[in-house]
$ cat input_36.cif   # mmCIF, C-alpha atoms and all ligand atoms
data_data
loop_
_atom_site.group_PDB
_atom_site.id
_atom_site.type_symbol
_atom_site.label_atom_id
_atom_site.label_comp_id
_atom_site.auth_asym_id
_atom_site.auth_seq_id
_atom_site.Cartn_x
_atom_site.Cartn_y
_atom_site.Cartn_z
ATOM 1 C CA MET I 1 41.665 -16.965 29.788
ATOM 2 C CA GLU I 2 40.540 -20.112 28.036
ATOM 3 C CA LYS I 3 39.833 -23.347 29.850
ATOM 4 C CA THR I 4 39.341 -21.602 33.181
ATOM 5 C CA ASP I 5 38.123 -24.891 34.642
ATOM 6 C CA LEU I 6 41.749 -26.094 34.709
ATOM 7 C CA VAL I 7 42.780 -23.342 37.071
ATOM 8 C CA CYS I 8 41.741 -23.053 40.717
ATOM 9 C CA PRO I 9 41.725 -19.264 41.185
ATOM 10 C CA LEU I 10 43.744 -17.518 43.881
ATOM 11 C CA SER I 11 42.781 -14.222 45.509
ATOM 12 C CA VAL I 12 44.821 -12.377 42.880
ATOM 13 C CA PRO I 13 43.070 -12.122 39.487
ATOM 14 C CA ASN I 14 44.709 -13.852 36.501
ATOM 15 C CA THR I 15 46.431 -16.339 38.829
ATOM 16 C CA GLY I 16 45.557 -19.802 40.045
ATOM 17 C CA MET I 17 46.787 -23.275 40.858
ATOM 18 C CA VAL I 18 46.807 -26.124 38.369
ATOM 19 C CA THR I 19 47.097 -29.720 39.544
ATOM 20 C CA PHE I 20 48.562 -32.172 37.063
ATOM 21 C CA ARG I 21 48.443 -35.948 37.122
ATOM 22 C CA ASP I 22 50.972 -37.628 39.373
ATOM 23 C CA ILE I 23 51.335 -41.087 37.904
ATOM 24 C CA HIS I 24 52.996 -43.559 40.206
ATOM 25 C CA ASN I 25 52.363 -47.084 41.276
ATOM 26 C CA PRO I 26 52.900 -47.579 44.987
ATOM 27 C CA ASP I 27 52.589 -51.349 44.473
ATOM 28 C CA GLY I 28 55.309 -51.435 41.785
ATOM 29 C CA PRO I 29 59.025 -51.911 42.299
ATOM 30 C CA ARG I 30 60.458 -49.622 44.938
ATOM 31 C CA GLY I 31 61.943 -46.492 43.381
ATOM 32 C CA LEU I 32 59.922 -46.632 40.149
ATOM 33 C CA GLY I 33 59.186 -42.955 40.637
ATOM 34 C CA HIS I 34 56.576 -40.512 39.420
ATOM 35 C CA LEU I 35 55.547 -39.155 36.025
ATOM 36 C CA THR I 36 53.585 -35.996 35.220
ATOM 37 C CA PRO I 37 52.385 -35.395 31.646
ATOM 38 C CA ILE I 38 51.528 -31.842 30.532
ATOM 39 C CA THR I 39 49.895 -31.112 27.181
ATOM 40 C CA GLY I 40 49.428 -27.506 26.089
ATOM 41 C CA GLY I 41 45.790 -26.498 25.759
ATOM 42 C CA VAL I 42 44.746 -29.606 27.698
ATOM 43 C CA HIS I 43 46.465 -29.500 31.088
ATOM 44 C CA VAL I 44 47.402 -25.809 30.983
ATOM 45 C CA PRO I 45 45.022 -23.157 29.589
ATOM 46 C CA PHE I 46 47.215 -22.166 26.628
ATOM 47 C CA ASP I 47 49.330 -23.693 23.888
ATOM 48 C CA ILE I 48 52.920 -24.041 25.061
ATOM 49 C CA LYS I 49 55.261 -22.129 22.762
ATOM 50 C CA ARG I 50 58.365 -21.968 24.946
ATOM 51 C CA ILE I 51 59.797 -23.466 28.097
ATOM 52 C CA TYR I 52 62.660 -22.325 30.267
ATOM 53 C CA TYR I 53 63.951 -23.215 33.672
ATOM 54 C CA ILE I 54 65.693 -21.398 36.484
ATOM 55 C CA HIS I 55 68.071 -23.191 38.840
ATOM 56 C CA SER I 56 71.149 -22.718 41.039
ATOM 57 C CA VAL I 57 69.631 -19.603 42.598
ATOM 58 C CA GLY I 58 71.385 -18.335 45.714
ATOM 59 C CA PRO I 59 69.572 -18.386 49.059
ATOM 60 C CA ASP I 60 68.998 -14.633 49.373
ATOM 61 C CA ILE I 61 68.191 -13.949 45.736
ATOM 62 C CA ARG I 62 64.893 -12.528 44.572
ATOM 63 C CA ARG I 63 64.155 -12.420 40.852
ATOM 64 C CA GLY I 64 61.291 -11.646 38.545
ATOM 65 C CA PHE I 65 60.212 -8.077 39.351
ATOM 66 C CA HIS I 66 58.127 -7.773 36.224
ATOM 67 C CA SER I 67 54.763 -8.369 34.611
ATOM 68 C CA HIS I 68 53.770 -9.285 31.079
ATOM 69 C CA ARG I 69 51.110 -7.594 29.013
ATOM 70 C CA GLU I 70 49.980 -10.685 27.100
ATOM 71 C CA LEU I 71 51.994 -13.723 28.156
ATOM 72 C CA HIS I 72 50.445 -16.682 29.965
ATOM 73 C CA GLN I 73 52.755 -18.842 32.064
ATOM 74 C CA VAL I 74 52.692 -21.803 34.430
ATOM 75 C CA LEU I 75 55.481 -22.142 36.995
ATOM 76 C CA ILE I 76 56.360 -25.565 38.412
ATOM 77 C CA ALA I 77 58.979 -26.405 41.045
ATOM 78 C CA LEU I 78 60.349 -29.607 39.551
ATOM 79 C CA GLY I 79 62.532 -30.093 42.603
ATOM 80 C CA GLY I 80 62.949 -28.228 45.879
ATOM 81 C CA THR I 81 60.793 -25.304 46.904
ATOM 82 C CA VAL I 82 60.307 -21.804 45.536
ATOM 83 C CA LYS I 83 58.108 -18.978 46.796
ATOM 84 C CA VAL I 84 56.352 -16.691 44.349
ATOM 85 C CA LEU I 85 54.768 -13.343 45.159
ATOM 86 C CA VAL I 86 51.979 -12.513 42.724
ATOM 87 C CA LYS I 87 50.402 -9.107 42.902
ATOM 88 C CA THR I 88 48.294 -6.509 41.168
ATOM 89 C CA PRO I 89 47.867 -2.913 42.319
ATOM 90 C CA TYR I 90 44.980 -4.193 44.465
ATOM 91 C CA GLU I 91 45.763 -7.717 45.690
ATOM 92 C CA GLU I 92 48.771 -9.837 46.507
ATOM 93 C CA THR I 93 49.571 -13.302 47.796
ATOM 94 C CA VAL I 94 52.546 -15.612 48.185
ATOM 95 C CA VAL I 95 52.476 -19.185 46.889
ATOM 96 C CA GLU I 96 55.012 -21.820 47.852
ATOM 97 C CA LEU I 97 55.634 -24.267 45.035
ATOM 98 C CA ASN I 98 56.940 -27.602 46.300
ATOM 99 C CA LYS I 99 55.296 -30.361 44.267
ATOM 100 C CA PRO I 100 56.275 -31.328 40.693
ATOM 101 C CA TRP I 101 52.611 -32.021 39.892
ATOM 102 C CA GLU I 102 51.430 -28.553 40.938
ATOM 103 C CA GLY I 103 51.657 -25.397 38.814
ATOM 104 C CA LEU I 104 51.062 -21.701 39.411
ATOM 105 C CA TYR I 105 49.247 -20.062 36.506
ATOM 106 C CA ILE I 106 50.159 -16.398 35.952
ATOM 107 C CA GLY I 107 48.318 -14.448 33.282
ATOM 108 C CA PRO I 108 48.591 -10.905 31.943
ATOM 109 C CA TYR I 109 49.302 -7.902 34.161
ATOM 110 C CA VAL I 110 50.340 -9.861 37.238
ATOM 111 C CA TRP I 111 53.547 -8.677 38.895
ATOM 112 C CA ARG I 112 55.709 -11.593 40.121
ATOM 113 C CA GLU I 113 58.775 -12.042 42.304
ATOM 114 C CA MET I 114 60.393 -15.429 42.973
ATOM 115 C CA PHE I 115 62.395 -15.949 46.166
ATOM 116 C CA ASP I 116 63.485 -18.418 48.862
ATOM 117 C CA PHE I 117 64.743 -20.937 46.302
ATOM 118 C CA SER I 118 65.851 -24.002 48.250
ATOM 119 C CA GLN I 119 69.207 -25.519 47.446
ATOM 120 C CA HIS I 120 68.905 -27.482 44.158
ATOM 121 C CA ALA I 121 65.457 -26.016 43.403
ATOM 122 C CA THR I 122 64.574 -26.007 39.711
ATOM 123 C CA LEU I 123 61.711 -23.826 38.521
ATOM 124 C CA LEU I 124 60.222 -24.845 35.174
ATOM 125 C CA VAL I 125 58.237 -22.205 33.285
ATOM 126 C CA LEU I 126 55.781 -23.021 30.497
ATOM 127 C CA ALA I 127 55.024 -19.979 28.357
ATOM 128 C CA SER I 128 52.440 -19.193 25.705
ATOM 129 C CA ALA I 129 54.689 -17.150 23.401
ATOM 130 C CA ASP I 130 58.237 -16.524 22.265
ATOM 131 C CA TYR I 131 60.500 -14.343 24.354
ATOM 132 C CA THR I 132 59.452 -10.757 23.570
ATOM 133 C CA GLU I 133 61.088 -8.008 25.550
ATOM 134 C CA SER I 134 58.381 -5.489 24.550
ATOM 135 C CA ASP I 135 55.796 -7.643 26.365
ATOM 136 C CA TYR I 136 57.578 -7.023 29.689
ATOM 137 C CA LEU I 137 56.751 -4.310 32.191
ATOM 138 C CA ARG I 138 59.953 -4.221 34.240
ATOM 139 C CA LYS I 139 59.495 -1.017 36.218
ATOM 140 C CA TYR I 140 56.782 -0.995 38.855
ATOM 141 C CA GLU I 141 56.060 2.674 38.105
ATOM 142 C CA ASP I 142 55.311 1.703 34.474
ATOM 143 C CA TYR I 143 53.383 -1.414 35.507
ATOM 144 C CA GLU I 144 51.066 0.207 38.043
ATOM 145 C CA PRO I 145 49.103 2.641 35.812
ATOM 146 C CA GLU I 146 48.744 0.106 32.968
ATOM 147 C CA ALA I 147 47.622 -2.601 35.396
ATOM 148 C CA LYS I 148 45.119 -0.248 37.062
ATOM 149 C CA GLU I 149 43.616 0.469 33.662
ATOM 150 C CA TYR I 150 43.614 -3.245 32.731
ATOM 151 C CA PHE I 151 41.930 -4.429 35.921
ATOM 152 C CA ALA I 152 39.420 -1.564 35.882
ATOM 153 C CA LYS I 153 37.856 -3.004 32.696
HETATM 154 P P1 LIG D 201 63.996 -12.490 33.029
HETATM 155 O O1 LIG D 201 62.712 -12.830 32.369
HETATM 156 O O2 LIG D 201 64.217 -11.062 33.427
HETATM 157 O O3 LIG D 201 64.225 -13.433 34.277
HETATM 158 P P2 LIG D 201 63.684 -13.287 35.798
HETATM 159 O O4 LIG D 201 62.398 -12.538 35.733
HETATM 160 O O5 LIG D 201 63.521 -14.678 36.299
HETATM 161 O O6 LIG D 201 64.699 -12.577 36.614
HETATM 162 O O7 LIG D 201 65.170 -12.960 32.081
HETATM 163 C C1 LIG D 201 66.532 -12.889 32.493
HETATM 164 C C2 LIG D 201 67.385 -12.734 31.258
HETATM 165 O O8 LIG D 201 67.204 -13.847 30.383
HETATM 166 C C3 LIG D 201 67.059 -11.494 30.446
HETATM 167 O O9 LIG D 201 68.290 -10.947 29.981
HETATM 168 C C4 LIG D 201 66.268 -12.002 29.277
HETATM 169 C C5 LIG D 201 66.773 -13.413 29.091
HETATM 170 N N1 LIG D 201 65.749 -14.348 28.599
HETATM 171 C C6 LIG D 201 65.821 -14.827 27.297
HETATM 172 O O10 LIG D 201 66.748 -14.490 26.529
HETATM 173 N N2 LIG D 201 64.875 -15.693 26.859
HETATM 174 C C7 LIG D 201 63.852 -16.098 27.653
HETATM 175 O O11 LIG D 201 62.975 -16.906 27.211
HETATM 176 C C8 LIG D 201 63.771 -15.579 28.987
HETATM 177 C C9 LIG D 201 62.642 -15.963 29.916
HETATM 178 C C10 LIG D 201 64.739 -14.707 29.409
#

$ encode --input "input_36.cif" --output "structure tokens"
Amino acid sequence: MEKTDLVCPLSVPNTGMVTFRDIHNPDGPRGLGHLTPITGGVHVPFDIKRIYYIHSVGPDIRRGFHSHRELHQVLIALGGTVKVLVKTPYEETVVELNKPWEGLYIGPYVWREMFDFSQHATLLVLASADYTESDYLRKYEDYEPEAKEYFAK
């Protein structure tokens, strides 16, 4: 991972928290709001090739259930709250995303599941590459042996 200094590591390898700038002026007119700039390769540790967002997720829905072999991503709850389980064959943790200026970095070979989307939650995903189905590991039984080999290096 390049620019590791941007990412505050979590207990799961290839994951970490990224804090962006939250530009607001509390002395300005009421309701002026907040602004967060994100530049690929500067504020996240990869060039941003693609973005997508997930919204209108039902209360009992869990999605994700995959890992990527090469993709780097940062997940940001632009509104509402979303929980994300990140795991390897050896470690796991749950992160609650609830601030638009906070991102969860997820690198290669990390299994992820997103759940407990609050009503109106919108999850923005910044990704380092085009959508490539062959980069996905969608079955845990396929993921586990490849990830064990990857993290054994
Ligand atoms: P998927 O990555 O499986 O979503 P999640 O892990 O959040 O459940 O993608 C869901 C569907 O959307 C799947 O059919 C692939 C498609 N998709 C694209 O066509 N382009 C994209 O950039 C992404 C992320 C998904």

$ residues_around --input "input_36.cif" --residues "stretch 37-40 of chain I" --least-positions-apart "2" --cutoff "10 Å" --atoms "only C-alpha atoms" --output "PyMOL selection string"
chain I and resi 20-23+35+42-49+101+126-128

$ write_last_selection --input "input_36.cif" --atoms "C-alpha atoms" --output "PDB file, in the frame of the given file"
ATOM      1  CA  PHE I  20      48.562 -32.172  37.063  1.00  0.00           C
ATOM      2  CA  ARG I  21      48.443 -35.948  37.122  1.00  0.00           C
ATOM      3  CA  ASP I  22      50.972 -37.628  39.373  1.00  0.00           C
ATOM      4  CA  ILE I  23      51.335 -41.087  37.904  1.00  0.00           C
ATOM      5  CA  LEU I  35      55.547 -39.155  36.025  1.00  0.00           C
ATOM      6  CA  VAL I  42      44.746 -29.606  27.698  1.00  0.00           C
ATOM      7  CA  HIS I  43      46.465 -29.500  31.088  1.00  0.00           C
ATOM      8  CA  VAL I  44      47.402 -25.809  30.983  1.00  0.00           C
ATOM      9  CA  PRO I  45      45.022 -23.157  29.589  1.00  0.00           C
ATOM     10  CA  PHE I  46      47.215 -22.166  26.628  1.00  0.00           C
ATOM     11  CA  ASP I  47      49.330 -23.693  23.888  1.00  0.00           C
ATOM     12  CA  ILE I  48      52.920 -24.041  25.061  1.00  0.00           C
ATOM     13  CA  LYS I  49      55.261 -22.129  22.762  1.00  0.00           C
ATOM     14  CA  TRP I 101      52.611 -32.021  39.892  1.00  0.00           C
ATOM     15  CA  LEU I 126      55.781 -23.021  30.497  1.00  0.00           C
ATOM     16  CA  ALA I 127      55.024 -19.979  28.357  1.00  0.00           C
ATOM     17  CA  SER I 128      52.440 -19.193  25.705  1.00  0.00           C
TER      18      SER I 128
END

$ closest_atom_pairs --input "input_36.cif" --of "stretch 24-99 of chain I" --to "stretch 132-148 of chain I" --cutoff "12 Å" --atoms "all atoms listed in the file" --output "JSON lines"
{"residue": "I:Arg50", "atom": "CA", "partner": "I:Thr132", "partner_atom": "CA", "distance": 11.3}
{"residue": "I:Arg63", "atom": "CA", "partner": "I:Arg138", "partner_atom": "CA", "distance": 11.3}
{"residue": "I:Gly64", "atom": "CA", "partner": "I:Arg138", "partner_atom": "CA", "distance": 8.7}
{"residue": "I:Phe65", "atom": "CA", "partner": "I:Arg138", "partner_atom": "CA", "distance": 6.4}
{"residue": "I:His66", "atom": "CA", "partner": "I:Arg138", "partner_atom": "CA", "distance": 4.5}
{"residue": "I:Ser67", "atom": "CA", "partner": "I:Leu137", "partner_atom": "CA", "distance": 5.1}
{"residue": "I:His68", "atom": "CA", "partner": "I:Tyr136", "partner_atom": "CA", "distance": 4.6}
{"residue": "I:Arg69", "atom": "CA", "partner": "I:Asp135", "partner_atom": "CA", "distance": 5.4}
{"residue": "I:Glu70", "atom": "CA", "partner": "I:Asp135", "partner_atom": "CA", "distance": 6.6}
{"residue": "I:Leu71", "atom": "CA", "partner": "I:Asp135", "partner_atom": "CA", "distance": 7.4}
{"residue": "I:His72", "atom": "CA", "partner": "I:Asp135", "partner_atom": "CA", "distance": 11.1}
{"residue": "I:Lys87", "atom": "CA", "partner": "I:Ala147", "partner_atom": "CA", "distance": 10.3}
{"residue": "I:Thr88", "atom": "CA", "partner": "I:Ala147", "partner_atom": "CA", "distance": 7.0}
{"residue": "I:Pro89", "atom": "CA", "partner": "I:Glu144", "partner_atom": "CA", "distance": 6.2}
{"residue": "I:Tyr90", "atom": "CA", "partner": "I:Lys148", "partner_atom": "CA", "distance": 8.4}
{"residue": "I:Glu91", "atom": "CA", "partner": "I:Lys148", "partner_atom": "CA", "distance": 11.4}

$ atom_distance --input "input_36.cif" --atom1 "atom CA of I:Thr122" --atom2 "atom CA of I:Ile54"
5.7 Å

$ atom_distance --input "input_36.cif" --atom1 "atom CA of I:Tyr52" --atom2 "atom O9 of ligand LIG 201 (chain D)"
12.7 Å

$ residues_around --input "input_36.cif" --residues "I:Pro100" --least-positions-apart "4" --cutoff "7 Å" --atoms "only C-alpha atoms" --output "NGL selection string"
:I and (76-79)

$ write_last_selection --input "input_36.cif" --atoms "C-alpha atoms" --output "PDB file, in the coordinates of the input"
ATOM      1  CA  ILE I  76      56.360 -25.565  38.412  1.00  0.00           C
ATOM      2  CA  ALA I  77      58.979 -26.405  41.045  1.00  0.00           C
ATOM      3  CA  LEU I  78      60.349 -29.607  39.551  1.00  0.00           C
ATOM      4  CA  GLY I  79      62.532 -30.093  42.603  1.00  0.00           C
TER       5      GLY I  79
END

$ resolve_selection --input "input_36.cif" --expression "the PyMOL selection byres (((chain I and resi 96) around 7) and not hetatm)" --output "number ranges by chain"
I: 81-84, 94-95, 97-98

$ closest_residue --input "input_36.cif" --among "I:Gly107, I:Ser118, I:Lys99, I:Tyr53" --to "ligand LIG 201 (chain D)" --atoms "all atoms listed in the file"
I:Tyr53

$ atom_distance --input "input_36.cif" --atom1 "atom C9 of ligand LIG 201 (chain D)" --atom2 "atom CA of I:Cys8"
24.6 Å

$ closest_residue --input "input_36.cif" --among "I:Phe117, I:Tyr131, I:Trp111, I:Tyr105" --to "ligand LIG 201 (chain D)" --atoms "all atoms listed in the file"
I:Tyr131

$ closest_residue --input "input_36.cif" --among "I:Gly103, I:Pro59, I:His120, I:Ile51" --to "ligand LIG 201 (chain D)" --atoms "all atoms listed in the file"
I:Ile51

$ residues_around --input "input_36.cif" --residues "I:Gly16" --least-positions-apart "3" --cutoff "9 Å" --atoms "all atoms listed in the file" --output "list in words"
Val7, Cys8, Pro9, Leu10, Ser11, Val12, Pro13, Gly103, Leu104, Tyr105 and Ile106 of chain I

$ closest_residue --input "input_36.cif" --among "I:His55, I:His24, I:Arg62, I:His34" --to "I:Asp116" --atoms "all atoms listed in the file"
I:Arg62

$ axis_aligned_box --input "input_36.cif" --around "ligand LIG 201 (chain D)" --padding-each-side "8 Å" --output "AutoDock Vina command-line options"
--center_x 65.3 --center_y -13.9 --center_z 31.6 --size_x 21.9 --size_y 22.0 --size_z 26.1

$ closest_residue --input "input_36.cif" --among "I:Phe151, I:Gln119, I:Val57, I:Pro108" --to "ligand LIG 201 (chain D)" --atoms "all atoms listed in the file"
I:Val57
